[in-house]
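Below is target_26.cif, which holds mmCIF, C-alpha atoms and all ligand atoms.
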```
data_target
loop_
_atom_site.label_atom_id
_atom_site.label_comp_id
_atom_site.auth_asym_id
_atom_site.auth_seq_id
_atom_site.Cartn_x
_atom_site.Cartn_y
_atom_site.Cartn_z
CA MET S 1 108.78 79.11 89.02
CA PHE S 2 112.55 79.33 88.56
CA LYS S 3 113.20 78.81 92.32
CA GLU S 4 115.16 82.07 92.59
CA GLU S 5 114.44 85.78 93.19
CA LEU S 6 114.09 87.59 89.85
CA THR S 7 113.01 91.08 88.84
CA GLY S 8 110.06 91.38 86.43
CA PRO S 9 112.27 91.99 83.35
CA GLU S 10 114.55 89.05 84.31
CA TYR S 11 111.51 86.82 84.81
CA TYR S 12 109.92 87.51 81.44
CA GLY S 13 113.36 87.53 79.81
CA ARG S 14 113.72 83.83 80.68
CA PHE S 15 110.52 83.01 78.78
CA VAL S 16 111.55 85.14 75.79
CA GLU S 17 114.84 83.21 75.57
CA ARG S 18 113.03 79.90 75.87
CA ALA S 19 110.54 80.81 73.13
CA LYS S 20 113.41 81.82 70.84
CA GLU S 21 115.30 78.56 71.53
CA LEU S 22 112.18 76.57 70.65
CA GLY S 23 111.70 78.57 67.44
CA VAL S 24 108.23 79.82 68.40
CA GLU S 25 106.87 82.14 65.73
CA TYR S 26 105.45 85.44 66.99
CA MET S 27 103.95 88.68 65.71
CA LEU S 28 104.53 91.72 67.92
CA ASN S 29 102.62 95.03 67.84
CA SER S 30 99.63 93.16 66.48
CA MET S 31 96.08 93.25 67.71
CA VAL S 32 93.69 90.33 67.54
CA LEU S 33 90.29 91.55 66.36
CA GLN S 34 88.32 88.35 66.22
CA VAL S 35 88.57 84.68 67.14
CA TYR S 36 86.69 82.48 64.67
CA HIS S 37 86.90 79.12 66.36
CA GLU S 38 84.40 77.54 63.96
CA ASP S 39 86.89 78.15 61.14
CA ASN S 40 89.98 77.55 63.33
CA GLU S 41 91.30 81.05 62.69
CA VAL S 42 92.21 84.32 64.33
CA ILE S 43 92.04 87.71 62.60
CA CYS S 44 94.67 90.24 63.62
CA ILE S 45 96.05 93.52 62.38
CA ASN S 46 99.38 95.33 62.43
CA SER S 47 101.05 98.20 60.59
CA VAL S 48 103.40 95.97 58.56
CA ASN S 49 101.12 93.18 57.29
CA GLY S 50 97.75 94.92 57.68
CA MET S 51 94.90 92.50 58.29
CA THR S 52 96.17 88.93 58.71
CA ARG S 53 94.44 85.57 59.07
CA VAL S 54 96.19 83.04 61.29
CA GLU S 55 95.04 79.44 61.11
CA ALA S 56 95.30 77.18 64.16
CA LYS S 57 93.85 73.87 65.28
CA SER S 58 93.71 75.19 68.84
CA ILE S 59 93.84 78.71 70.29
CA VAL S 60 95.01 79.92 73.73
CA LEU S 61 93.44 83.15 75.02
CA ALA S 62 95.96 85.11 77.14
CA MET S 63 94.79 88.74 76.94
CA GLY S 64 95.36 89.49 80.63
CA CYS S 65 93.27 92.06 82.45
CA ARG S 66 92.85 95.80 82.73
CA GLU S 67 92.64 98.06 85.75
CA LYS S 68 89.39 99.51 87.00
CA THR S 69 89.47 103.29 86.88
CA ARG S 70 87.88 106.18 88.77
CA ALA S 71 85.00 105.98 86.25
CA SER S 72 84.41 102.29 87.05
CA ILE S 73 83.78 103.05 90.72
CA VAL S 74 82.27 106.53 90.17
CA VAL S 75 84.09 108.84 92.57
CA PRO S 76 82.43 112.28 92.64
CA GLY S 77 84.29 115.57 92.28
CA THR S 78 86.19 117.56 89.70
CA ARG S 79 88.38 116.15 86.91
CA PRO S 80 91.82 117.62 87.55
CA ALA S 81 95.27 116.33 86.55
CA GLY S 82 96.99 114.03 89.05
CA LEU S 83 94.61 111.05 88.94
CA TYR S 84 96.16 107.74 87.83
CA THR S 85 95.47 104.06 88.07
CA ALA S 86 98.21 102.45 90.16
CA GLY S 87 99.40 100.41 87.15
CA SER S 88 99.75 103.42 84.85
CA ALA S 89 101.65 105.30 87.59
CA GLN S 90 103.87 102.19 87.98
CA ARG S 91 104.63 102.21 84.28
CA LEU S 92 105.39 105.97 84.22
CA VAL S 93 107.67 105.82 87.28
CA ASN S 94 109.40 102.47 86.70
CA ARG S 95 109.72 102.38 82.94
CA GLN S 96 109.55 105.97 81.72
CA ASN S 97 111.29 107.63 84.66
CA ILE S 98 108.44 110.13 85.07
CA MET S 99 107.50 111.05 88.64
CA VAL S 100 103.73 111.40 88.92
CA GLY S 101 103.42 113.47 92.13
CA LYS S 102 104.75 114.52 95.52
CA LYS S 103 101.92 114.05 97.98
CA VAL S 104 99.87 110.97 97.30
CA VAL S 105 96.63 109.34 98.48
CA ILE S 106 96.01 105.79 97.29
CA LEU S 107 92.46 104.48 96.99
CA GLY S 108 92.29 100.70 97.37
CA SER S 109 94.62 98.27 99.13
CA GLY S 110 95.26 96.06 96.08
CA ASP S 111 98.78 94.73 95.56
CA ILE S 112 99.73 97.21 92.84
CA GLY S 113 98.55 100.12 95.03
CA MET S 114 100.60 98.94 98.00
CA ILE S 115 103.67 98.30 95.83
CA MET S 116 103.26 101.82 94.42
CA ALA S 117 103.00 103.25 97.96
CA ARG S 118 106.50 101.90 98.60
CA ARG S 119 107.82 102.92 95.17
CA MET S 120 106.53 106.51 95.50
CA THR S 121 108.08 106.75 98.99
CA LEU S 122 111.44 105.44 97.74
CA GLU S 123 111.30 108.00 94.91
CA GLY S 124 110.88 110.84 97.42
CA ALA S 125 107.10 111.39 97.47
CA ARG S 126 105.00 111.37 100.64
CA VAL S 127 102.21 108.82 100.70
CA VAL S 128 99.67 110.34 103.07
CA MET S 129 97.46 107.27 103.37
CA VAL S 130 96.00 104.20 101.70
CA VAL S 131 92.20 104.22 101.88
CA GLU S 132 90.31 100.89 101.66
CA LEU S 133 86.51 100.55 101.47
CA MET S 134 86.40 97.03 102.92
CA PRO S 135 87.15 96.29 106.59
CA TYR S 136 90.03 94.06 105.44
CA LEU S 137 92.99 94.24 103.07
CA ALA S 138 92.41 93.62 99.32
CA GLY S 139 95.95 92.44 98.56
CA LEU S 140 98.56 90.15 100.12
CA THR S 141 99.45 90.53 103.81
CA ARG S 142 103.11 90.31 102.74
CA ASN S 143 102.67 93.52 100.72
CA ARG S 144 101.04 95.30 103.64
CA VAL S 145 104.03 94.49 105.86
CA GLN S 146 106.75 95.21 103.28
CA CYS S 147 105.17 98.17 101.50
CA LEU S 148 103.06 100.00 104.12
CA ASP S 149 104.08 99.01 107.67
CA ASP S 150 107.84 99.16 106.96
CA PHE S 151 107.40 102.75 105.69
CA GLN S 152 104.86 103.84 108.35
CA ILE S 153 102.22 104.51 105.67
CA PRO S 154 98.77 104.64 107.34
CA LEU S 155 96.11 102.21 106.08
CA LYS S 156 92.53 103.34 106.63
CA LEU S 157 90.27 100.30 106.43
CA ALA S 158 86.49 100.76 106.04
CA HIS S 159 87.05 104.26 104.59
CA THR S 160 86.52 105.77 101.15
CA ILE S 161 87.17 108.91 99.12
CA THR S 162 83.88 110.78 98.88
CA ARG S 163 85.00 113.69 96.66
CA ILE S 164 88.00 114.87 94.67
CA GLU S 165 88.90 118.60 94.82
CA GLY S 166 91.04 120.74 92.50
CA ASN S 167 90.72 122.49 89.18
CA GLU S 168 93.89 122.14 87.13
CA ARG S 169 95.62 119.76 89.57
CA VAL S 170 94.22 117.77 92.50
CA THR S 171 94.41 119.78 95.71
CA GLY S 172 92.97 117.13 98.01
CA VAL S 173 90.34 114.52 98.65
CA TRP S 174 87.55 114.07 101.19
CA VAL S 175 87.87 110.83 103.10
CA ALA S 176 85.12 109.31 105.26
CA PRO S 177 84.61 106.08 107.21
CA VAL S 178 81.85 103.81 105.89
CA ASP S 179 79.11 101.99 107.78
CA GLU S 180 78.34 98.26 107.47
CA ASN S 181 76.44 98.96 104.21
CA LYS S 182 79.54 100.75 102.83
CA LYS S 183 77.74 104.12 103.03
CA PRO S 184 80.06 107.03 103.92
CA ILE S 185 79.48 108.56 107.37
CA ARG S 186 79.40 112.24 106.29
CA GLU S 187 79.71 113.70 109.79
CA GLN S 188 83.18 112.16 110.08
CA GLU S 189 84.47 113.27 106.65
CA GLU S 190 87.92 114.90 106.67
CA PHE S 191 89.80 116.84 103.98
CA VAL S 192 93.18 115.33 103.07
CA PRO S 193 95.45 117.65 101.03
CA CYS S 194 97.35 115.90 98.20
CA ASP S 195 98.46 116.50 94.61
CA THR S 196 98.03 112.93 93.35
CA VAL S 197 95.51 110.13 93.71
CA LEU S 198 96.30 106.55 92.67
CA PHE S 199 93.43 104.12 92.12
CA SER S 200 94.10 100.48 93.00
CA VAL S 201 90.51 99.32 92.92
CA GLY S 202 90.61 96.00 91.11
CA LEU S 203 91.29 94.39 87.78
CA MET S 204 88.90 93.24 85.05
CA PRO S 205 89.74 90.25 82.83
CA GLU S 206 89.99 91.46 79.22
CA ASN S 207 87.27 89.32 77.61
CA GLU S 208 85.74 91.24 74.72
CA LEU S 209 87.19 88.72 72.23
CA THR S 210 86.00 85.80 74.37
CA ARG S 211 82.44 87.15 74.53
CA LYS S 212 82.37 87.87 70.78
CA ALA S 213 83.50 84.27 70.17
CA GLY S 214 80.44 83.02 72.12
CA ILE S 215 82.54 81.35 74.83
CA LYS S 216 80.82 80.87 78.19
CA ILE S 217 81.85 83.50 80.76
CA ASN S 218 81.66 82.98 84.52
CA PRO S 219 79.69 85.89 86.11
CA ILE S 220 81.93 86.00 89.21
CA THR S 221 85.42 85.78 87.66
CA ASN S 222 84.33 87.60 84.46
CA GLY S 223 86.59 85.12 82.67
CA PRO S 224 85.84 82.07 80.53
CA GLU S 225 84.69 78.94 82.35
CA ILE S 226 87.36 76.28 82.06
CA ASN S 227 88.18 72.69 83.01
CA GLN S 228 91.49 71.48 84.47
CA TYR S 229 93.03 71.50 80.98
CA MET S 230 92.32 75.26 80.78
CA GLN S 231 89.83 74.37 78.03
CA THR S 232 86.86 76.72 77.59
CA SER S 233 83.28 75.86 76.63
CA VAL S 234 84.56 75.75 73.02
CA PRO S 235 86.81 72.66 72.89
CA SER S 236 89.45 74.13 70.56
CA VAL S 237 89.86 77.31 72.65
CA PHE S 238 91.98 77.30 75.82
CA ALA S 239 92.67 80.22 78.18
CA CYS S 240 95.21 81.10 80.88
CA GLY S 241 96.33 83.83 83.25
CA ASN S 242 94.47 86.96 84.19
CA VAL S 243 92.01 86.61 81.33
CA VAL S 244 90.56 83.61 83.24
CA HIS S 245 90.69 85.01 86.79
CA VAL S 246 92.81 87.69 88.44
CA ASN S 247 95.92 86.06 89.92
CA ASP S 248 98.06 87.48 92.75
CA LEU S 249 101.39 86.39 91.36
CA ALA S 250 103.01 85.91 87.97
CA ASP S 251 104.12 82.42 89.17
CA ASN S 252 100.52 81.14 89.25
CA VAL S 253 99.97 82.58 85.79
CA SER S 254 103.08 80.81 84.45
CA GLU S 255 101.92 77.48 85.86
CA GLU S 256 98.43 77.86 84.32
CA SER S 257 99.89 79.00 81.02
CA ALA S 258 102.18 75.96 80.79
CA ARG S 259 99.13 73.78 81.38
CA ALA S 260 97.05 75.61 78.73
CA GLY S 261 99.91 75.30 76.22
CA LYS S 262 100.39 71.59 76.91
CA TYR S 263 96.73 70.68 76.50
CA ALA S 264 96.13 73.02 73.55
CA ALA S 265 99.01 71.23 71.80
CA GLN S 266 97.56 67.83 72.71
CA TYR S 267 94.18 68.96 71.37
CA ALA S 268 95.74 70.14 68.11
CA MET S 269 97.39 66.72 67.73
CA SER S 270 94.11 64.97 68.70
CA ASN S 271 95.86 63.53 71.78
CA LEU S 272 93.79 65.09 74.59
CA LEU S 273 92.60 62.45 77.07
CA GLU S 274 89.17 60.99 76.38
CA THR S 275 86.68 62.22 78.97
CA ALA S 276 84.51 59.64 80.70
CA ARG S 277 82.35 62.24 82.50
CA GLU S 278 82.27 65.82 83.79
CA VAL S 279 82.00 66.99 87.42
CA ALA S 280 80.88 70.55 88.23
CA CYS S 281 82.78 72.47 90.95
CA VAL S 282 80.30 74.12 93.32
CA THR S 283 81.06 76.96 95.75
CA GLY S 284 80.23 76.24 99.39
CA ARG S 285 80.54 78.31 102.57
CA ASN S 286 82.90 81.32 102.30
CA VAL S 287 84.01 80.54 98.75
CA ARG S 288 83.56 83.30 96.16
CA TYR S 289 84.55 81.35 93.06
CA LEU S 290 86.31 78.19 91.94
CA CYS S 291 88.71 77.69 89.07
CA PRO S 292 88.44 75.37 87.16
CA GLN S 293 84.65 75.33 87.19
CA LYS S 294 84.55 71.80 85.76
CA ILE S 295 86.69 68.71 86.16
CA HIS S 296 86.87 66.16 83.39
CA VAL S 297 87.25 62.68 84.76
CA ALA S 298 89.19 60.49 82.38
CA GLU S 299 89.84 56.75 82.67
CA LYS S 300 93.24 57.50 84.18
CA GLY S 301 92.94 59.29 87.56
CA GLU S 302 94.83 62.57 88.04
CA LYS S 303 95.44 65.22 90.69
CA VAL S 304 93.74 68.56 89.98
CA ASN S 305 94.39 71.82 91.83
CA VAL S 306 91.18 73.78 92.30
CA TYR S 307 91.93 77.45 93.04
CA PHE S 308 89.56 79.76 94.91
CA ARG S 309 89.16 83.01 96.82
CA VAL S 310 87.20 83.42 100.02
CA LEU S 311 84.47 86.00 100.62
CA TRP S 312 85.64 87.18 104.04
CA PRO S 313 88.78 86.72 106.21
CA GLU S 314 88.78 83.94 108.81
CA LEU S 315 91.22 82.38 111.27
CA GLY S 316 91.48 78.68 112.21
CA VAL S 317 89.67 76.97 109.33
CA ARG S 318 89.66 73.84 107.21
CA LEU S 319 89.49 73.82 103.42
CA VAL S 320 87.12 71.02 102.57
CA ALA S 321 86.08 69.35 99.30
CA ARG S 322 83.21 66.91 99.37
CA CYS S 323 81.12 64.83 97.01
CA GLY S 324 77.69 64.66 98.62
CA ASP S 325 78.37 63.75 102.26
CA GLU S 326 81.78 62.25 101.60
CA ILE S 327 84.77 64.44 102.43
CA ILE S 328 87.53 63.86 99.86
CA VAL S 329 89.90 66.70 100.95
CA SER S 330 90.31 68.35 104.35
CA LYS S 331 93.22 70.73 104.84
CA LYS S 332 93.94 72.81 107.91
CA GLU S 333 94.64 76.53 107.27
CA TYR S 334 95.67 79.05 109.89
CA ARG S 335 94.15 82.01 108.04
CA VAL S 336 92.23 82.77 104.81
CA ASN S 337 91.93 86.21 103.20
CA PRO S 338 90.00 87.44 100.13
CA GLY S 339 93.25 88.94 98.79
CA GLU S 340 95.09 85.61 98.83
CA MET S 341 94.30 82.71 96.56
CA ASN S 342 93.80 79.24 98.12
CA HIS S 343 93.65 75.83 96.56
CA VAL S 344 92.73 72.22 97.28
CA THR S 345 94.17 69.27 95.38
CA ILE S 346 91.51 66.82 94.24
CA ASP S 347 92.18 63.24 93.15
CA THR S 348 89.77 62.63 90.24
CA ALA S 349 89.60 58.94 91.20
CA LYS S 350 87.69 60.06 94.34
CA LEU S 351 85.08 62.05 92.42
CA VAL S 352 81.71 60.34 92.63
CA GLY S 353 78.48 61.94 91.41
CA ASP S 354 78.09 65.06 89.28
CA THR S 355 79.40 67.73 91.65
CA VAL S 356 82.21 68.50 94.06
CA THR S 357 81.63 71.25 96.65
CA VAL S 358 84.52 73.27 98.06
CA GLU S 359 83.96 75.14 101.33
CA VAL S 360 85.73 76.80 104.22
CA VAL S 361 84.76 75.23 107.54
CA LYS S 362 85.39 77.02 110.82
CA GLU S 363 87.29 74.85 113.33
CA ASP S 364 85.90 74.73 116.87
C1 LIG F 1 99.70 96.77 86.89
C2 LIG F 1 100.09 95.37 87.32
C3 LIG F 1 101.24 95.16 88.09
C4 LIG F 1 101.64 93.88 88.52
N1 LIG F 1 102.76 93.70 89.27
C5 LIG F 1 103.15 92.42 89.64
C6 LIG F 1 104.32 92.18 90.40
O1 LIG F 1 105.02 93.12 90.77
N2 LIG F 1 104.66 90.87 90.70
C7 LIG F 1 103.89 89.81 90.28
O2 LIG F 1 104.23 88.62 90.56
N3 LIG F 1 102.77 90.04 89.59
C8 LIG F 1 102.39 91.30 89.27
N4 LIG F 1 101.23 91.51 88.56
C9 LIG F 1 100.49 90.35 88.23
C10 LIG F 1 101.13 89.68 86.97
O3 LIG F 1 101.79 90.64 86.23
C11 LIG F 1 100.06 89.21 86.16
O4 LIG F 1 99.36 88.27 86.97
C12 LIG F 1 100.61 88.54 84.89
O5 LIG F 1 101.40 89.41 84.13
C13 LIG F 1 99.42 88.16 84.06
O6 LIG F 1 99.89 87.56 82.90
P1 LIG F 1 98.92 87.41 81.67
O7 LIG F 1 99.76 86.75 80.62
O8 LIG F 1 97.66 86.77 82.07
O9 LIG F 1 98.55 88.89 81.24
P2 LIG F 1 99.48 90.10 80.80
O10 LIG F 1 100.85 89.99 81.33
O11 LIG F 1 98.69 91.33 81.11
O12 LIG F 1 99.57 89.91 79.21
C14 LIG F 1 98.44 90.06 78.37
C15 LIG F 1 98.94 90.52 77.01
O13 LIG F 1 97.92 90.37 76.04
C16 LIG F 1 97.95 91.50 75.19
N5 LIG F 1 96.62 91.64 74.56
C17 LIG F 1 95.42 91.92 75.14
N6 LIG F 1 94.44 91.98 74.24
C18 LIG F 1 95.01 91.71 73.04
C19 LIG F 1 94.53 91.64 71.69
N7 LIG F 1 93.23 91.83 71.38
N8 LIG F 1 95.42 91.36 70.71
C20 LIG F 1 96.74 91.15 70.99
N9 LIG F 1 97.25 91.22 72.21
C21 LIG F 1 96.41 91.49 73.24
C22 LIG F 1 98.29 92.65 76.13
O14 LIG F 1 98.79 93.76 75.39
C23 LIG F 1 99.34 92.00 77.02
O15 LIG F 1 100.64 92.14 76.48
C24 LIG F 1 100.83 92.79 88.15
C25 LIG F 1 99.68 92.98 87.37
C26 LIG F 1 99.30 94.26 86.96
C27 LIG F 1 98.04 94.44 86.14
#
```

Final structure tokens representation of the file:
Amino acid sequence: MFKEELTGPEYYGRFVERAKELGVEYMLNSMVLQVYHEDNEVICINSVNGMTRVEAKSIVLAMGCREKTRASIVVPGTRPAGLYTAGSAQRLVNRQNIMVGKKVVILGSGDIGMIMARRMTLEGARVVMVVELMPYLAGLTRNRVQCLDDFQIPLKLAHTITRIEGNERVTGVWVAPVDENKKPIREQEEFVPCDTVLFSVGLMPENELTRKAGIKINPITNGPEINQYMQTSVPSVFACGNVVHVNDLADNVSEESARAGKYAAQYAMSNLLETAREVACVTGRNVRYLCPQKIHVAEKGEKVNVYFRVLWPELGVRLVARCGDEIIVSKKEYRVNPGEMNHVTIDTAKLVGDTVTVEVVKED
């Protein structure tokens, strides 16, 4: 985004400065309780002003996501101390200077889990292994290399934790390989002693407010369905970032957020481009979801990036977009991975018919 290497605090610091320069009004430590788009208002609460009504001609949803926990994936065993989501451990270690354990097993090969494997090692803990249910990595290959391989941390693919042991504190976990139906193979279970387990098992877009507002939710992303203007099924409500779909990198989120802000402002000023027609984005071979789910075709043609994740890893492929039998995008890709987001750029002038299908085609 800024074309330079920045730490997290430096990165968000740039946006804070920019918002202050522009005189953006903000309310911190406030919780939005309800979005009433019919009345163009948002109800929020804080300890200074109590309940407050904020009026707006357009609204941008940016509530982010939350981590899945042990309860979300139902891991059997006792309930001792020493179990954390990777993000809460990251916060305790990085921001509160609290070390969470000495001998660690990480369940899930998501990016935050792998980054925490490196962090815990640098802080003096021993990361015994990272255990991943799927036969492939959940996060970025870059993180595997820089956070696991560089520190000789073993990655057990197609394995899971079958039971957690320990009364007051975790004493270890049982780890087993899984078969093709993801069922643990009990005969090969092994006990792995540890005092800490970190869960890096996925993120859930935070959409309680969105649902309550009656906005259409996509069953795969668990986020609001949007068009290329980041506009939801309710025209005055826009959305961006992890509340829409879980992004790998803050840079993607910043780009989407800038877009949502721009078009929400245009909507509020009644300047949003007139739509001639709407084209639905349809998932084809090896595509799990597409974002945006709809493209508005205005009189003036434009280039639209359609982001997607694949269902399984593949080498030597083409990313293809087609309208009926006509191929409108074909892009060679050396490798695709479920943990890494892909995109195709579609010229709206080439969109004929009501749908555009995006698929991953294996090269011969
Ligand atoms: C644990 C974790 C670690 C990550 N580490 C990295 C990393 O190292 N590098 C990287 O590039 N990316 C990282 N990411 C990804 C990146 O941080 C996110 O993609 C990005 O921050 C998402 O931005 P967002 O604005 O969508 O959501 P967030 O940054 O999560 O912001 C959402 C905000 O909305 C607030 N909110 C939610 N509900 C309400 C409500 N009802 N009322 C008021 N406020 C509300 C939340 O408190 C939060 O402040 C990480 C993500 C997570 C979850």

Mind listing the residues within 8 Å of ligand LIG 1 (chain F), only C-alpha atoms and all ligand atoms counted, as a short mmCIF file (atom, residue, chain, number, x, y, z; two decimals) with C-alpha atoms, in the frame of the given file?
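Written output follows (selection_27.cif):
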```cif
data_model
loop_
_atom_site.label_atom_id
_atom_site.label_comp_id
_atom_site.auth_asym_id
_atom_site.auth_seq_id
_atom_site.Cartn_x
_atom_site.Cartn_y
_atom_site.Cartn_z
CA GLY S 8 110.06 91.38 86.43
CA ASN S 29 102.62 95.03 67.84
CA SER S 30 99.63 93.16 66.48
CA MET S 31 96.08 93.25 67.71
CA VAL S 32 93.69 90.33 67.54
CA LEU S 33 90.29 91.55 66.36
CA GLN S 34 88.32 88.35 66.22
CA CYS S 44 94.67 90.24 63.62
CA ALA S 62 95.96 85.11 77.14
CA MET S 63 94.79 88.74 76.94
CA GLY S 64 95.36 89.49 80.63
CA CYS S 65 93.27 92.06 82.45
CA ARG S 66 92.85 95.80 82.73
CA GLU S 67 92.64 98.06 85.75
CA ALA S 86 98.21 102.45 90.16
CA GLY S 87 99.40 100.41 87.15
CA SER S 88 99.75 103.42 84.85
CA GLN S 90 103.87 102.19 87.98
CA ARG S 91 104.63 102.21 84.28
CA ASP S 111 98.78 94.73 95.56
CA ILE S 112 99.73 97.21 92.84
CA ILE S 115 103.67 98.30 95.83
CA LEU S 203 91.29 94.39 87.78
CA GLU S 206 89.99 91.46 79.22
CA LEU S 209 87.19 88.72 72.23
CA CYS S 240 95.21 81.10 80.88
CA GLY S 241 96.33 83.83 83.25
CA ASN S 242 94.47 86.96 84.19
CA VAL S 243 92.01 86.61 81.33
CA VAL S 244 90.56 83.61 83.24
CA VAL S 246 92.81 87.69 88.44
CA ASN S 247 95.92 86.06 89.92
CA ASP S 248 98.06 87.48 92.75
CA LEU S 249 101.39 86.39 91.36
CA ALA S 250 103.01 85.91 87.97
CA ASP S 251 104.12 82.42 89.17
CA ASN S 252 100.52 81.14 89.25
CA VAL S 253 99.97 82.58 85.79
CA SER S 254 103.08 80.81 84.45
CA SER S 257 99.89 79.00 81.02
#
```

For region 277-288 of chain S, find every residue with an atom within 7 Å (counting only C-alpha atoms), except residues of its own chain fewer than 5 positions away, and show them as number ranges by chain. S: 293-297, 308-312, 354-360

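The residue that comes closest to Asn222 (chain S), out of S:Val192, S:Val178, S:Cys291, S:Val361 and on the basis of all atoms listed in the file, is S:Cys291.
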
Mind listing as a ChimeraX atom specification all residues within 10 Å of (104.7, 105.4, 97.6), counting only C-alpha atoms? /S:101-106,113-130,147-148,151,153,198

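Reported to one decimal place, the separation of CA of Met134 (chain S) from CA of Val173 (chain S) is 18.4 Å.
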
If you count only C-alpha atoms, which residues fall within 10 Å of Lys331 (chain S), apart from same-chain ones fewer than 6 positions away, as a ChimeraX atom specification? /S:317-321,343-345,360-361

List as a ChimeraX atom specification the protein and nucleic acid residues near Thr232 (chain S), meaning an atom at most 12 Å away when only C-alpha atoms are counted, but skip any in the same chain fewer than 3 places from it. /S:37,58-61,210-211,213-218,223-229,235-240,243-244,260,263-264,291-295

Dump C-alpha atoms for the selected residues as a PDB file, in the coordinates of the input?
```
ATOM      1  CA  HIS S  37      86.900  79.120  66.360  1.00  0.00           C
ATOM      2  CA  SER S  58      93.710  75.190  68.840  1.00  0.00           C
ATOM      3  CA  ILE S  59      93.840  78.710  70.290  1.00  0.00           C
ATOM      4  CA  VAL S  60      95.010  79.920  73.730  1.00  0.00           C
ATOM      5  CA  LEU S  61      93.440  83.150  75.020  1.00  0.00           C
ATOM      6  CA  THR S 210      86.000  85.800  74.370  1.00  0.00           C
ATOM      7  CA  ARG S 211      82.440  87.150  74.530  1.00  0.00           C
ATOM      8  CA  ALA S 213      83.500  84.270  70.170  1.00  0.00           C
ATOM      9  CA  GLY S 214      80.440  83.020  72.120  1.00  0.00           C
ATOM     10  CA  ILE S 215      82.540  81.350  74.830  1.00  0.00           C
ATOM     11  CA  LYS S 216      80.820  80.870  78.190  1.00  0.00           C
ATOM     12  CA  ILE S 217      81.850  83.500  80.760  1.00  0.00           C
ATOM     13  CA  ASN S 218      81.660  82.980  84.520  1.00  0.00           C
ATOM     14  CA  GLY S 223      86.590  85.120  82.670  1.00  0.00           C
ATOM     15  CA  PRO S 224      85.840  82.070  80.530  1.00  0.00           C
ATOM     16  CA  GLU S 225      84.690  78.940  82.350  1.00  0.00           C
ATOM     17  CA  ILE S 226      87.360  76.280  82.060  1.00  0.00           C
ATOM     18  CA  ASN S 227      88.180  72.690  83.010  1.00  0.00           C
ATOM     19  CA  GLN S 228      91.490  71.480  84.470  1.00  0.00           C
ATOM     20  CA  TYR S 229      93.030  71.500  80.980  1.00  0.00           C
ATOM     21  CA  PRO S 235      86.810  72.660  72.890  1.00  0.00           C
ATOM     22  CA  SER S 236      89.450  74.130  70.560  1.00  0.00           C
ATOM     23  CA  VAL S 237      89.860  77.310  72.650  1.00  0.00           C
ATOM     24  CA  PHE S 238      91.980  77.300  75.820  1.00  0.00           C
ATOM     25  CA  ALA S 239      92.670  80.220  78.180  1.00  0.00           C
ATOM     26  CA  CYS S 240      95.210  81.100  80.880  1.00  0.00           C
ATOM     27  CA  VAL S 243      92.010  86.610  81.330  1.00  0.00           C
ATOM     28  CA  VAL S 244      90.560  83.610  83.240  1.00  0.00           C
ATOM     29  CA  ALA S 260      97.050  75.610  78.730  1.00  0.00           C
ATOM     30  CA  TYR S 263      96.730  70.680  76.500  1.00  0.00           C
ATOM     31  CA  ALA S 264      96.130  73.020  73.550  1.00  0.00           C
ATOM     32  CA  CYS S 291      88.710  77.690  89.070  1.00  0.00           C
ATOM     33  CA  PRO S 292      88.440  75.370  87.160  1.00  0.00           C
ATOM     34  CA  GLN S 293      84.650  75.330  87.190  1.00  0.00           C
ATOM     35  CA  LYS S 294      84.550  71.800  85.760  1.00  0.00           C
ATOM     36  CA  ILE S 295      86.690  68.710  86.160  1.00  0.00           C
TER      37      ILE S 295
END
```

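The coordinates place CA of Pro80 (chain S) at 5.0 Å from CA of Glu168 (chain S).
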
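Note that CA of Cys194 (chain S) and CA of Met99 (chain S) are 14.8 Å apart.
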
Can you pull out every residue within 9 Å of Glu55 (chain S), counting all atoms listed in the file, but drop anything in the same chain fewer than 2 positions away, and send it as a list in words? Asp39, Asn40, Glu41, Val42, Ile43, Arg53, Lys57 and Ser58 of chain S

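For the choices S:Ile185, S:Ile328, S:Asn337, S:Tyr307, the atom-to-atom distance to Arg142 (chain S) is smallest for S:Asn337 when using all atoms listed in the file.
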